[in-house]
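Below is the file model_8.pdb, which contains PDB, C-alpha atoms, pLDDT in the B column.
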ATOM      1  CA  MET A  22     -19.394  28.115 -35.463  1.00 83.00           C
ATOM      2  CA  SER A  23     -17.913  24.722 -34.802  1.00 87.00           C
ATOM      3  CA  PRO A  24     -17.680  23.241 -31.288  1.00 89.00           C
ATOM      4  CA  GLU A  25     -13.895  23.598 -31.460  1.00 93.00           C
ATOM      5  CA  GLN A  26     -14.172  27.283 -32.375  1.00 92.00           C
ATOM      6  CA  LEU A  27     -16.615  27.825 -29.510  1.00 91.00           C
ATOM      7  CA  LYS A  28     -14.205  26.230 -27.008  1.00 94.00           C
ATOM      8  CA  THR A  29     -11.355  28.397 -28.281  1.00 95.00           C
ATOM      9  CA  LEU A  30     -13.519  31.501 -28.052  1.00 93.00           C
ATOM     10  CA  GLN A  31     -14.530  30.637 -24.483  1.00 95.00           C
ATOM     11  CA  LYS A  32     -10.886  30.126 -23.457  1.00 95.00           C
ATOM     12  CA  LEU A  33      -9.861  33.415 -25.011  1.00 96.00           C
ATOM     13  CA  ASN A  34     -12.819  35.144 -23.373  1.00 94.00           C
ATOM     14  CA  ARG A  35     -11.671  33.934 -19.946  1.00 95.00           C
ATOM     15  CA  LEU A  36      -8.165  35.263 -20.549  1.00 95.00           C
ATOM     16  CA  PHE A  37      -9.544  38.671 -21.562  1.00 94.00           C
ATOM     17  CA  GLU A  38     -11.865  38.774 -18.551  1.00 95.00           C
ATOM     18  CA  GLU A  39      -8.943  37.953 -16.234  1.00 95.00           C
ATOM     19  CA  GLY A  40      -6.848  40.641 -17.880  1.00 96.00           C
ATOM     20  CA  SER A  41      -4.129  38.161 -18.756  1.00 96.00           C
ATOM     21  CA  ALA A  42      -4.530  38.233 -22.544  1.00 96.00           C
ATOM     22  CA  GLY A  43      -1.512  39.452 -24.443  1.00 96.00           C
ATOM     23  CA  PRO A  44      -0.597  40.117 -28.071  1.00 96.00           C
ATOM     24  CA  THR A  45      -0.650  36.409 -28.946  1.00 96.00           C
ATOM     25  CA  GLN A  46      -4.202  35.999 -27.652  1.00 96.00           C
ATOM     26  CA  ILE A  47      -5.307  39.136 -29.490  1.00 96.00           C
ATOM     27  CA  LYS A  48      -3.933  37.688 -32.740  1.00 96.00           C
ATOM     28  CA  LYS A  49      -5.641  34.349 -32.049  1.00 96.00           C
ATOM     29  CA  LEU A  50      -8.944  36.094 -31.342  1.00 95.00           C
ATOM     30  CA  SER A  51      -8.654  38.173 -34.504  1.00 95.00           C
ATOM     31  CA  ALA A  52      -7.925  35.097 -36.632  1.00 94.00           C
ATOM     32  CA  LEU A  53     -10.747  33.133 -35.014  1.00 94.00           C
ATOM     33  CA  LEU A  54     -13.290  35.899 -35.550  1.00 92.00           C
ATOM     34  CA  ALA A  55     -12.209  36.284 -39.178  1.00 91.00           C
ATOM     35  CA  GLU A  56     -12.633  32.538 -39.675  1.00 90.00           C
ATOM     36  CA  ILE A  57     -16.072  32.560 -38.058  1.00 88.00           C
ATOM     37  CA  ASN A  58     -17.106  35.613 -40.067  1.00 87.00           C
ATOM     38  CA  GLN A  59     -16.082  33.946 -43.315  1.00 83.00           C
ATOM     39  CA  GLN A  60     -18.141  30.869 -42.409  1.00 76.00           C
ATOM     40  CA  VAL A  61     -21.168  33.038 -41.699  1.00 68.00           C
ATOM     41  CA  ASN A  62     -20.796  34.899 -44.977  1.00 65.00           C
ATOM     42  CA  PHE A  63     -20.314  31.721 -47.024  1.00 58.00           C
ATOM     43  CA  PRO A  64     -22.354  28.867 -45.603  1.00 55.00           C
ATOM     44  CA  GLU A  65     -21.499  25.436 -46.950  1.00 56.00           C
ATOM     45  CA  ASP A  66     -24.618  25.227 -49.119  1.00 55.00           C
ATOM     46  CA  THR A  67     -23.753  28.519 -50.788  1.00 51.00           C
ATOM     47  CA  LEU A  68     -20.204  27.387 -51.518  1.00 50.00           C
ATOM     48  CA  ILE A  69     -21.513  24.302 -53.301  1.00 53.00           C
ATOM     49  CA  GLU A  70     -23.602  26.551 -55.540  1.00 53.00           C
ATOM     50  CA  VAL A  71     -20.819  29.085 -56.164  1.00 49.00           C
ATOM     51  CA  LEU A  72     -17.814  26.843 -56.707  1.00 49.00           C
ATOM     52  CA  PRO A  73     -17.392  25.167 -60.071  1.00 52.00           C
ATOM     53  CA  SER A  74     -18.010  21.447 -60.182  1.00 54.00           C
ATOM     54  CA  ASN A  75     -15.096  19.033 -60.100  1.00 52.00           C
ATOM     55  CA  LYS A  76     -15.965  17.744 -63.553  1.00 51.00           C
ATOM     56  CA  ILE A  77     -13.192  18.187 -66.061  1.00 50.00           C
ATOM     57  CA  THR A  78     -14.212  18.583 -69.664  1.00 50.00           C
ATOM     58  CA  TYR A  79     -11.803  18.466 -72.577  1.00 45.00           C
TER      59      TYR A  79
END

Could you quickly redo this structure as structure tokens?
Amino acid sequence: MSPEQLKTLQKLNRLFEEGSAGPTQIKKLSALLAEINQQVNFPEDTLIEVLPSNKITY
């Protein structure tokens, strides 16, 4: 999780704790958690191994 994602998560957490979160915040939280989950499932090192190289052969 990046520092920016952590800050966003903390802000959303406060809104939920205060009971002032609405549909927009729920969508933001859902998108953020999906993004974080994808990062956890595909760490950068793994992506380098999985993705094809940028070399073009003719």

Q: Can you work out the spacing between atom CA of A:Phe37 and atom CA of A:Ser51 in Å, to one decimal?
A: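 So the answer is 13.0 Å.
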
Taking all atoms of stretch 24-42 of chain A that the file lists, what box with edges along x, y and z, padded by 5 Å per side, do you get, with centre and edge lengths in Å to one decimal, as AutoDock Vina command-line options?
--center_x -10.9 --center_y 31.9 --center_z -24.3 --size_x 23.6 --size_y 27.4 --size_z 26.1

Q | Å distance separating atom CA of A:Ser23 from atom CA of A:Glu38, one decimal place | A |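 So the two atoms, atom CA of A:Ser23 and atom CA of A:Glu38, lie 22.3 Å apart.
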
Q. Between atom CA of A:Asn58 and atom CA of A:Leu36, what is the spacing in Å?
A.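 Between atom CA of A:Leu36 and atom CA of A:Asn58 the gap is 21.5 Å.
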
Selection: 12 Å around A:Arg35, only C-alpha atoms, excl. self and same-chain fewer than 6 positions, as a compact mmCIF listing (two decimals) with C-alpha atoms, in the frame of the given file:
# COMPACT_ATOMS: atom_id res chain seq x y z
CA LYS A 28 -14.20 26.23 -27.01
CA THR A 29 -11.36 28.40 -28.28
CA SER A 41 -4.13 38.16 -18.76
CA ALA A 42 -4.53 38.23 -22.54
CA GLN A 46 -4.20 36.00 -27.65
CA LEU A 50 -8.94 36.09 -31.34

Q) Can you tell me, as number ranges by chain, what residues are no more than 12 Å from A:Leu27 when counting only C-alpha atoms, ignoring any on the same chain fewer than 4 positions away? A) A: 22-23, 31-34, 50, 53-54, 56-57
